[in-house]
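Have a look at model01.txt; it's compact mmCIF, C-alpha atoms:
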# COMPACT_ATOMS: atom_id res chain seq x y z
CA MET A 9 -10.65 -12.87 -45.92
CA LYS A 10 -12.25 -10.07 -47.94
CA LEU A 11 -15.66 -10.93 -46.60
CA LEU A 12 -14.34 -11.14 -43.05
CA ASN A 13 -12.72 -7.72 -43.40
CA ASN A 14 -15.93 -6.20 -44.74
CA TRP A 15 -18.01 -7.86 -42.05
CA ARG A 16 -15.67 -6.66 -39.33
CA ASP A 17 -15.81 -3.09 -40.58
CA SER A 18 -19.58 -2.99 -40.81
CA ALA A 19 -20.09 -4.66 -37.41
CA VAL A 20 -17.46 -2.79 -35.41
CA ARG A 21 -17.35 0.55 -37.21
CA ASP A 22 -20.94 1.03 -38.39
CA GLY A 23 -22.74 -1.24 -35.94
CA SER A 24 -24.61 -2.97 -38.79
CA ARG A 25 -24.78 -6.61 -37.90
CA LEU A 26 -27.18 -8.05 -40.43
CA TYR A 27 -25.86 -9.29 -43.76
CA VAL A 28 -28.38 -10.02 -46.51
CA ASN A 29 -26.99 -12.08 -49.38
CA THR A 30 -28.02 -12.08 -53.02
CA GLU A 31 -30.74 -14.62 -52.33
CA GLY A 32 -32.21 -12.43 -49.63
CA LYS A 33 -31.11 -14.68 -46.81
CA ALA A 34 -30.00 -12.82 -43.68
CA TYR A 35 -27.03 -13.69 -41.50
CA THR A 36 -25.91 -12.09 -38.24
CA ILE A 37 -22.40 -10.74 -38.68
CA SER A 38 -20.28 -12.52 -36.11
CA LEU A 39 -17.21 -14.69 -36.48
CA GLN A 40 -17.75 -16.69 -33.30
CA ASN A 41 -21.52 -16.90 -33.44
CA THR A 42 -22.21 -17.26 -37.16
CA CYS A 43 -19.22 -18.29 -39.31
CA MET A 44 -17.85 -20.91 -36.99
CA HIS A 45 -21.22 -22.51 -36.32
CA CYS A 46 -21.27 -23.95 -39.82
CA HIS A 47 -17.55 -23.93 -40.58
CA SER A 48 -16.94 -25.51 -37.23
CA ASN A 49 -13.74 -27.27 -38.14
CA LYS A 50 -11.07 -24.62 -37.72
CA LYS A 51 -8.29 -26.95 -38.86
CA LYS A 52 -9.92 -27.48 -42.24
CA PHE A 53 -11.57 -24.11 -42.67
CA CYS A 54 -8.81 -21.78 -41.48
CA ASP A 55 -5.56 -23.53 -40.83
CA GLU A 56 -5.22 -25.55 -44.00
CA CYS A 57 -4.75 -22.53 -46.28
CA HIS A 58 -2.91 -20.48 -43.68
CA THR A 59 -0.39 -23.25 -43.19
CA TYR A 60 0.03 -23.69 -46.93
CA MET A 61 0.59 -19.95 -47.38
CA ALA A 62 2.76 -19.78 -44.24
CA VAL A 63 0.74 -16.92 -42.79
CA ASN A 64 -0.18 -16.47 -39.15
CA PRO A 65 -3.29 -14.34 -38.73
CA TYR A 66 -3.96 -13.58 -35.08
CA CYS A 67 -7.76 -13.86 -35.18
CA TRP A 68 -7.83 -16.55 -32.52
CA ASN A 69 -5.73 -14.64 -30.01
CA CYS A 70 -8.96 -12.83 -29.13
CA HIS A 71 -11.81 -14.66 -30.82
CA ILE A 72 -12.62 -17.95 -29.19
CA ALA A 73 -12.20 -20.85 -31.60
CA PRO A 74 -14.84 -23.57 -31.66
CA LYS A 75 -14.00 -26.82 -29.90
CA GLU A 76 -12.77 -29.37 -32.41
CA LYS A 77 -15.11 -32.31 -32.70
CA GLU A 78 -12.94 -34.62 -34.75
CA THR A 79 -9.93 -34.09 -36.94
CA MET B 16 -28.33 -9.79 -98.58
CA SER B 17 -30.23 -6.65 -99.38
CA ILE B 18 -33.34 -5.68 -97.47
CA ASN B 19 -36.31 -3.83 -98.89
CA ARG B 20 -38.27 -1.02 -97.36
CA ARG B 21 -41.08 -3.29 -96.09
CA GLN B 22 -38.68 -5.65 -94.25
CA PHE B 23 -36.78 -2.75 -92.72
CA LEU B 24 -39.97 -1.23 -91.26
CA LYS B 25 -41.01 -4.62 -89.83
CA ILE B 26 -37.69 -5.09 -88.03
CA ALA B 27 -37.66 -1.50 -86.80
CA GLY B 28 -41.19 -1.87 -85.43
CA ILE B 29 -40.48 -5.10 -83.56
CA SER B 30 -37.28 -3.66 -82.09
CA THR B 31 -39.17 -0.63 -80.80
CA VAL B 32 -41.84 -2.76 -79.13
CA LEU B 33 -39.18 -4.93 -77.51
CA GLY B 34 -37.25 -1.88 -76.41
CA VAL B 35 -40.26 -0.30 -74.71
CA GLY B 36 -41.18 -3.57 -73.06
CA GLY B 37 -37.55 -4.17 -72.14
CA ALA B 38 -37.15 -1.34 -69.66
CA PRO B 39 -39.69 -2.63 -67.10
CA VAL B 40 -38.27 -6.11 -67.46
CA ILE B 41 -34.76 -4.89 -66.66
CA ASN B 42 -36.07 -2.86 -63.73
CA TRP B 43 -37.95 -5.84 -62.38
CA LEU B 44 -34.86 -7.98 -62.61
CA ARG B 45 -32.78 -5.34 -60.89
CA ASN B 46 -35.18 -4.85 -58.00
CA ASP B 47 -36.39 -8.34 -57.32
CA CYS B 48 -34.11 -10.90 -58.82
CA LEU B 49 -30.65 -9.46 -59.18
CA GLU B 50 -30.41 -7.63 -55.87
CA ALA B 51 -26.85 -7.36 -54.62
CA SER B 52 -25.90 -8.43 -51.13
CA HIS B 53 -26.05 -5.70 -48.53
CA VAL B 54 -25.65 -4.99 -44.84
CA LEU B 55 -28.39 -3.76 -42.53
CA THR B 56 -28.93 -2.92 -38.91
CA ASP B 57 -31.12 -5.43 -37.14
CA GLU B 58 -34.71 -4.22 -36.72
CA LYS B 59 -34.65 -5.28 -33.09
CA ALA B 60 -31.58 -3.13 -32.36
CA LEU B 61 -31.96 -0.25 -29.95
CA THR B 62 -31.08 2.99 -31.69
CA GLY B 63 -30.43 6.34 -30.13
CA LYS B 64 -28.68 9.62 -30.77
CA HIS B 65 -26.84 9.94 -27.49
CA TRP B 66 -26.80 6.97 -25.15
CA ALA B 67 -26.38 7.83 -21.49
CA MET B 68 -26.55 6.23 -18.08
CA VAL B 69 -27.77 7.44 -14.71
CA ILE B 70 -26.50 5.77 -11.53
CA ASP B 71 -28.44 6.39 -8.34
CA MET B 72 -25.85 5.67 -5.67
CA SER B 73 -28.39 5.72 -2.83
CA LYS B 74 -29.74 2.40 -4.16
CA PHE B 75 -26.40 0.67 -3.73
CA GLU B 76 -26.30 -0.41 -0.13
CA THR B 77 -24.56 -3.72 0.33
CA GLU B 78 -21.40 -5.15 -1.17
CA GLU B 79 -23.58 -7.66 -2.94
CA ASP B 80 -25.30 -4.86 -4.90
CA TYR B 81 -21.97 -3.82 -6.38
CA ARG B 82 -20.70 -7.35 -6.89
CA ARG B 83 -23.75 -8.45 -8.86
CA VAL B 84 -23.55 -5.55 -11.29
CA ILE B 85 -19.79 -5.86 -11.80
CA GLN B 86 -20.03 -9.63 -12.17
CA ALA B 87 -22.79 -9.34 -14.79
CA CYS B 88 -20.55 -7.18 -16.98
CA HIS B 89 -17.26 -8.95 -16.42
CA SER B 90 -18.60 -12.44 -16.99
CA ILE B 91 -20.22 -11.76 -20.36
CA HIS B 92 -17.33 -9.66 -21.64
CA ASN B 93 -14.61 -12.13 -20.64
CA VAL B 94 -12.86 -9.64 -18.37
CA PRO B 95 -9.92 -11.36 -16.68
CA ASN B 96 -9.32 -11.27 -12.95
CA PHE B 97 -5.69 -10.53 -12.09
CA ASP B 98 -4.46 -10.73 -8.52
CA ASN B 99 -1.99 -7.89 -8.96
CA PRO B 100 -3.95 -4.61 -8.99
CA LYS B 101 -1.37 -3.14 -11.37
CA ASP B 102 -2.45 -5.62 -14.04
CA SER B 103 -6.16 -5.35 -13.32
CA ILE B 104 -8.60 -4.89 -16.18
CA LYS B 105 -11.56 -2.67 -15.35
CA TRP B 106 -14.77 -2.26 -17.28
CA ILE B 107 -16.94 -1.34 -14.34
CA TRP B 108 -15.50 -0.95 -10.85
CA ALA B 109 -15.90 0.92 -7.58
CA ASP B 110 -13.82 3.66 -5.94
CA THR B 111 -14.14 6.20 -3.12
CA TYR B 112 -15.97 9.54 -3.26
CA GLU B 113 -12.65 11.34 -3.03
CA HIS B 114 -11.33 9.61 -6.14
CA THR B 115 -14.60 9.79 -8.01
CA PHE B 116 -15.26 13.49 -7.54
CA PRO B 117 -11.88 15.05 -6.75
CA GLY B 118 -12.14 18.68 -5.72
CA GLN B 119 -15.69 18.20 -4.46
CA GLU B 120 -14.71 16.71 -1.14
CA ASN B 121 -14.75 18.64 2.13
CA GLU B 122 -14.63 17.82 5.81
CA TYR B 123 -18.35 18.09 6.34
CA ILE B 124 -19.87 15.72 3.81
CA PRO B 125 -21.87 12.90 5.40
CA GLU B 126 -19.81 9.94 6.57
CA GLU B 127 -21.91 7.53 4.54
CA VAL B 128 -21.07 9.40 1.33
CA ARG B 129 -17.41 9.79 2.19
CA HIS B 130 -16.95 6.06 2.69
CA LYS B 131 -19.33 4.85 0.03
CA PRO B 132 -17.82 3.10 -2.99
CA PHE B 133 -18.95 4.72 -6.26
CA LEU B 134 -19.66 2.67 -9.34
CA LEU B 135 -17.40 3.76 -12.17
CA LEU B 136 -17.22 2.96 -15.87
CA CYS B 137 -16.26 4.61 -19.14
CA ASN B 138 -18.12 7.92 -19.32
CA HIS B 139 -18.61 7.82 -23.09
CA CYS B 140 -17.78 11.52 -23.20
CA GLU B 141 -19.30 13.81 -25.78
CA ASN B 142 -15.84 15.24 -26.33
CA PRO B 143 -13.59 12.24 -25.68
CA PRO B 144 -9.87 12.94 -25.26
CA CYS B 145 -9.05 9.26 -25.86
CA VAL B 146 -10.47 9.48 -29.39
CA ARG B 147 -8.49 12.62 -30.12
CA VAL B 148 -5.15 11.05 -29.21
CA CYS B 149 -5.59 7.60 -30.75
CA PRO B 150 -3.06 7.42 -33.61
CA THR B 151 -4.76 4.53 -35.41
CA LYS B 152 -8.43 5.45 -34.92
CA ALA B 153 -8.85 2.24 -32.97
CA THR B 154 -10.89 4.30 -30.53
CA PHE B 155 -13.65 6.23 -32.21
CA LYS B 156 -16.99 7.80 -31.50
CA ARG B 157 -20.10 6.21 -32.92
CA LYS B 158 -23.05 8.23 -34.16
CA ASP B 159 -25.06 7.16 -31.14
CA GLY B 160 -22.51 8.62 -28.72
CA ILE B 161 -20.73 5.40 -27.76
CA VAL B 162 -16.97 5.70 -27.52
CA MET B 163 -16.10 2.45 -29.18
CA MET B 164 -12.93 0.43 -29.56
CA ASP B 165 -11.82 -1.56 -32.57
CA GLN B 166 -9.43 -4.04 -30.99
CA HIS B 167 -8.21 -5.08 -34.44
CA ARG B 168 -6.50 -1.72 -34.84
CA CYS B 169 -5.19 -1.12 -31.33
CA ILE B 170 -1.39 -1.05 -31.33
CA GLY B 171 -1.12 -0.74 -27.56
CA CYS B 172 0.53 2.68 -27.48
CA ARG B 173 -1.53 3.64 -24.39
CA PHE B 174 -1.95 7.29 -25.41
CA CYS B 175 -5.65 6.87 -24.65
CA MET B 176 -4.89 5.72 -21.11
CA ALA B 177 -2.82 8.83 -20.55
CA ALA B 178 -5.53 11.00 -22.07
CA CYS B 179 -8.54 9.59 -20.22
CA PRO B 180 -9.07 11.65 -17.06
CA PHE B 181 -11.30 8.98 -15.55
CA GLY B 182 -8.96 5.98 -15.57
CA ALA B 183 -11.51 4.04 -17.56
CA ARG B 184 -8.98 2.24 -19.73
CA SER B 185 -6.92 -0.82 -18.93
CA PHE B 186 -3.94 -2.31 -20.71
CA ASN B 187 -3.35 -6.01 -21.14
CA TYR B 188 0.16 -6.43 -19.78
CA LYS B 189 -0.30 -10.19 -19.83
CA ASP B 190 -2.25 -12.64 -21.90
CA PRO B 191 -5.70 -12.45 -20.28
CA ARG B 192 -6.89 -15.90 -21.38
CA PRO B 193 -5.56 -17.92 -18.40
CA PHE B 194 -7.14 -15.44 -15.98
CA ILE B 195 -10.69 -15.71 -17.28
CA LYS B 196 -12.65 -17.99 -15.01
CA GLU B 197 -15.29 -19.03 -17.48
CA GLU B 198 -15.19 -17.89 -21.06
CA ASN B 199 -18.34 -16.59 -22.67
CA LYS B 200 -18.12 -18.27 -26.06
CA GLU B 201 -20.27 -15.60 -27.69
CA TYR B 202 -17.88 -12.74 -26.99
CA PRO B 203 -14.19 -12.45 -27.83
CA THR B 204 -11.47 -12.06 -25.25
CA ARG B 205 -8.65 -9.57 -25.68
CA THR B 206 -5.01 -10.29 -26.26
CA ILE B 207 -1.73 -9.14 -24.76
CA GLY B 208 -0.80 -5.60 -25.77
CA VAL B 209 -4.19 -4.00 -26.36
CA VAL B 210 -6.19 -1.49 -24.35
CA GLU B 211 -9.78 -2.22 -23.42
CA LYS B 212 -12.73 -0.58 -21.70
CA CYS B 213 -16.51 -0.53 -21.36
CA THR B 214 -18.35 -0.32 -24.69
CA PHE B 215 -21.85 0.44 -23.32
CA CYS B 216 -22.67 -3.11 -24.44
CA PHE B 217 -22.78 -2.20 -28.12
CA GLU B 218 -23.21 -5.90 -28.94
CA ARG B 219 -26.28 -6.14 -26.71
CA LEU B 220 -27.79 -2.91 -28.06
CA SER B 221 -27.57 -4.39 -31.55
CA LYS B 222 -29.71 -7.28 -30.34
CA GLY B 223 -32.24 -5.01 -28.64
CA LEU B 224 -30.96 -5.49 -25.09
CA ILE B 225 -29.92 -2.81 -22.61
CA PRO B 226 -26.41 -2.91 -21.09
CA ALA B 227 -25.75 -5.87 -18.83
CA CYS B 228 -25.02 -3.81 -15.70
CA VAL B 229 -28.28 -1.87 -15.98
CA GLU B 230 -30.23 -5.04 -16.68
CA GLU B 231 -28.70 -6.76 -13.65
CA SER B 232 -29.36 -3.81 -11.36
CA GLN B 233 -32.98 -3.62 -12.50
CA LYS B 234 -33.35 -7.37 -12.01
CA ALA B 235 -31.89 -7.15 -8.51
CA ALA B 236 -34.23 -4.28 -7.65
CA LYS B 237 -37.23 -6.24 -8.85
CA GLU B 238 -36.25 -9.24 -6.75
CA ALA B 239 -35.87 -7.07 -3.67
CA GLY B 240 -38.97 -5.01 -4.47
CA LYS B 241 -36.99 -1.76 -4.58
CA GLU B 242 -36.42 1.02 -7.06
CA PRO B 243 -33.59 0.30 -9.54
CA GLY B 244 -30.24 2.04 -9.13
CA MET B 245 -29.26 2.30 -12.79
CA PHE B 246 -30.98 3.73 -15.84
CA PHE B 247 -30.05 3.72 -19.50
CA GLY B 248 -31.50 5.64 -22.42
CA ASP B 249 -31.23 8.27 -25.10
CA LEU B 250 -30.42 11.78 -23.87
CA GLU B 251 -31.83 13.32 -27.05
CA ASP B 252 -35.21 11.71 -26.52
CA PRO B 253 -37.24 13.79 -24.02
CA SER B 254 -39.44 10.83 -23.13
CA SER B 255 -36.57 8.44 -22.39
CA GLU B 256 -36.03 6.97 -18.95
CA VAL B 257 -32.76 8.82 -18.34
CA ARG B 258 -34.29 12.16 -19.24
CA LYS B 259 -37.19 11.54 -16.85
CA VAL B 260 -34.79 10.73 -14.02
CA LEU B 261 -32.45 13.63 -14.82
CA GLY B 262 -35.39 16.01 -15.07
CA THR B 263 -36.70 15.20 -11.62
CA ARG B 264 -33.59 14.51 -9.55
CA TYR B 265 -30.39 16.47 -9.10
CA SER B 266 -27.39 14.76 -10.62
CA ILE B 267 -23.67 15.40 -11.00
CA ARG B 268 -20.99 14.21 -13.40
CA ARG B 269 -17.33 13.40 -12.89
CA LYS B 270 -14.81 16.20 -13.46
CA PRO B 271 -17.14 18.53 -15.39
CA GLU B 272 -14.47 21.24 -15.35
CA LEU B 273 -12.48 19.33 -17.99
CA GLY B 274 -15.22 19.84 -20.55
CA THR B 275 -15.33 16.27 -21.79
CA GLN B 276 -19.12 16.14 -21.18
CA PRO B 277 -19.50 12.66 -19.67
CA SER B 278 -22.63 10.66 -20.49
CA VAL B 279 -22.73 8.95 -17.10
CA PHE B 280 -24.66 10.85 -14.43
CA TYR B 281 -24.62 10.25 -10.68
CA ILE B 282 -27.39 10.81 -8.18
CA ILE B 283 -25.76 10.94 -4.78
CA GLY B 284 -28.92 10.69 -2.71
CA GLY B 285 -28.28 10.76 1.00
CA GLY B 286 -31.48 11.86 2.68
CA LYS B 287 -34.62 13.83 1.97
CA ASN B 288 -33.04 17.13 1.00
CA ALA B 289 -30.63 15.83 -1.60
Would you put the structure from the file into structure tokens?
Amino acid sequence: MKLLNNWRDSAVRDGSRLYVNTEGKAYTISLQNTCMHCHSNKKKFCDECHTYMAVNPYCWNCHIAPKEKET
Amino acid sequence: MSINRRQFLKIAGISTVLGVGGAPVINWLRNDCLEASHVLTDEKALTGKHWAMVIDMSKFETEEDYRRVIQACHSIHNVPNFDNPKDSIKWIWADTYEHTFPGQENEYIPEEVRHKPFLLLCNHCENPPCVRVCPTKATFKRKDGIVMMDQHRCIGCRFCMAACPFGARSFNYKDPRPFIKEENKEYPTRTIGVVEKCTFCFERLSKGLIPACVEESQKAAKEAGKEPGMFFGDLEDPSSEVRKVLGTRYSIRRKPELGTQPSVFYIIGGGKNA
């Protein structure tokens, strides 16, 4: 969540959309186009912890969730 | 264990040598190996100091010309299509001369201008009233002149809609998802209860592309072998396309008397003397 918040602020507020990690590898900052391409299973990656913590973030009201391949 | 003078000098000497040699080693580690993660702007991104658009209305002749440009924007930004005009969401749309330039109309303007639809979008004002009234700073002005929205912070109070003199902002009275024909999976939709508007395609600029409407209009012009009707560029750069057009052709802006300094310029055209 911390990373997502930081990424959102730098992409939306500052318009900086390239994240370079400690190994020098660059990622485009985008929830739909970067995060969810690898973490493509929303049920496992997002919902599992959110359900456990009983929280309801509204990310997916606007952002389009990836299509679930298998559960 | 006691230590004699000779041993002490040996240890002191070795420590000094290590200390002197240590500084470059630490610097090398810091610069090359232990670099922290950081955020950059893409090298391909278009950067400017004051983005602006020029719309040459004389190049918009058929309904198709308008439709193509509007469609290009609305399809990539997931803009819903509501049947009820009261619910409608507008990023780029068309309206009459009378509504576009109120106070400028008179009985004698050419018929073709009077009945021509004018292409409208957010003016990305230099002095934006919507930014001033936003209580959560969801609407803010970027360094490059774009009046940007952070949908995450919008509380749907609609002060900005009341403040905007150009009607460039739309409120989501309903969940827009069911009214989007085909979702563009690379761009988010909006949700019920937030305000939205044109963002000068900030997401395309960051990839090195010009706004979708301008790109589509230039593509259409190329196909038809005509001059394009829309231009985009940096107002602060004297060699930019918009400055060249503005420097050679007379242009007007919407409601200049309000002092918001719009960044969208209109060339009305209409004959040789215009």
Per residue of chain B within 6 Å of chain A, note the shortest atom pair and the distance in Å to one decimal, counting all atoms listed in the file, and order the rows by chain and increasing residue number, as JSON lines.
{"residue": "B:Glu50", "atom": "CA", "partner": "A:Thr30", "partner_atom": "CA", "distance": 5.8}
{"residue": "B:Ala51", "atom": "CA", "partner": "A:Thr30", "partner_atom": "CA", "distance": 5.1}
{"residue": "B:Ser52", "atom": "CA", "partner": "A:Asn29", "partner_atom": "CA", "distance": 4.2}
{"residue": "B:His53", "atom": "CA", "partner": "A:Val28", "partner_atom": "CA", "distance": 5.3}
{"residue": "B:Val54", "atom": "CA", "partner": "A:Tyr27", "partner_atom": "CA", "distance": 4.4}
{"residue": "B:Leu55", "atom": "CA", "partner": "A:Leu26", "partner_atom": "CA", "distance": 4.9}
{"residue": "B:Thr56", "atom": "CA", "partner": "A:Ser24", "partner_atom": "CA", "distance": 4.3}
{"residue": "B:Asp57", "atom": "CA", "partner": "A:Leu26", "partner_atom": "CA", "distance": 5.8}
{"residue": "B:Pro203", "atom": "CA", "partner": "A:His71", "partner_atom": "CA", "distance": 4.4}
{"residue": "B:Thr204", "atom": "CA", "partner": "A:Cys70", "partner_atom": "CA", "distance": 4.7}
{"residue": "B:Arg205", "atom": "CA", "partner": "A:Cys70", "partner_atom": "CA", "distance": 4.8}
{"residue": "B:Thr206", "atom": "CA", "partner": "A:Cys70", "partner_atom": "CA", "distance": 5.5}
Output file for the residues above (C-alpha atoms, as a PDB file, in the frame of the given file):
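Saved result, result-v6.pdb, follows:
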ATOM      1  CA  GLU B  50     -30.410  -7.630 -55.870  1.00  0.00           C
ATOM      2  CA  ALA B  51     -26.850  -7.360 -54.620  1.00  0.00           C
ATOM      3  CA  SER B  52     -25.900  -8.430 -51.130  1.00  0.00           C
ATOM      4  CA  HIS B  53     -26.050  -5.700 -48.530  1.00  0.00           C
ATOM      5  CA  VAL B  54     -25.650  -4.990 -44.840  1.00  0.00           C
ATOM      6  CA  LEU B  55     -28.390  -3.760 -42.530  1.00  0.00           C
ATOM      7  CA  THR B  56     -28.930  -2.920 -38.910  1.00  0.00           C
ATOM      8  CA  ASP B  57     -31.120  -5.430 -37.140  1.00  0.00           C
ATOM      9  CA  PRO B 203     -14.190 -12.450 -27.830  1.00  0.00           C
ATOM     10  CA  THR B 204     -11.470 -12.060 -25.250  1.00  0.00           C
ATOM     11  CA  ARG B 205      -8.650  -9.570 -25.680  1.00  0.00           C
ATOM     12  CA  THR B 206      -5.010 -10.290 -26.260  1.00  0.00           C
TER      13      THR B 206
END
### Query
Residues at most 8 Å from B:Cys140, counting all atoms listed in the file, excluding those fewer than 2 positions away in the same chain, as a PyMOL selection string?
chain B and resi 138+142-143+160+162+275-278
### Query
Which residue gives the smallest distance to B:Asn199 among B:Asp80, B:Ile91, B:Val32, B:Gln86, with all atoms listed in the file counted?
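Checking each candidate against B:Asn199, we get B:Ile91 as the closest.
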### Task
Name the closest residue to A:Met44 among the candidates A:Glu76, A:Asn13, A:Pro65, A:His58; distances are taken between atoms, counting all atoms listed in the file.
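Using all atoms listed in the file, A:Met44 sits closest to A:Glu76.
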### Message
Please report the interatomic distance between atom CA of B:Lys212 and atom CA of B:Asp190 in Å with one decimal.
### Response
16.0 Å
Give, as AutoDock Vina command-line options, the centre coordinates and the x, y and z edge lengths in Å to one decimal for an axis-aligned box around all listed atoms of stretch 10-24 of chain A, padded by 3 Å on each side.
--center_x -18.4 --center_y -5.1 --center_z -41.7 --size_x 18.4 --size_y 18.2 --size_z 18.5
### Message
Can you pull out the residues contacting B:Met68? Cut-off 9 Å, using all atoms listed in the file, and skip same-chain residues under 5 positions away; I want them as a VMD selection string.
### Response
chain B and resid 138 229 245 to 250 257 278 to 281
### Task
Using all atoms listed in the file, determine which residues lie at most 8 Å from stretch 166-177 of chain B, disregarding the query and same-chain residues fewer than 4 positions distant; provide the list as an MDAnalysis selection string.
chainID B and resid 144:146 148:149 151:154 182:186 205 208:211
#### Entry: Two-atom distance - atom CA of B:Arg83, atom CA of B:Arg268 (Å)
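For atom CA of B:Arg83 relative to atom CA of B:Arg268, the distance reads 23.3 Å.
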### Message
Show me, as a ChimeraX atom specification, the residues that have an atom within 12 Å of stretch 116-118 of chain B when counting all atoms listed in the file, minus same-chain residues fewer than 6 positions from it.
### Response
/B:110,128-129,132-135,180-181,267-272,280-281,283
### Task
Using atom CA of B:Pro191 and atom CA of B:Ile107 as the two end points, give the distance in Å to one decimal.
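Separation between atom CA of B:Pro191 and atom CA of B:Ile107: 16.9 Å.
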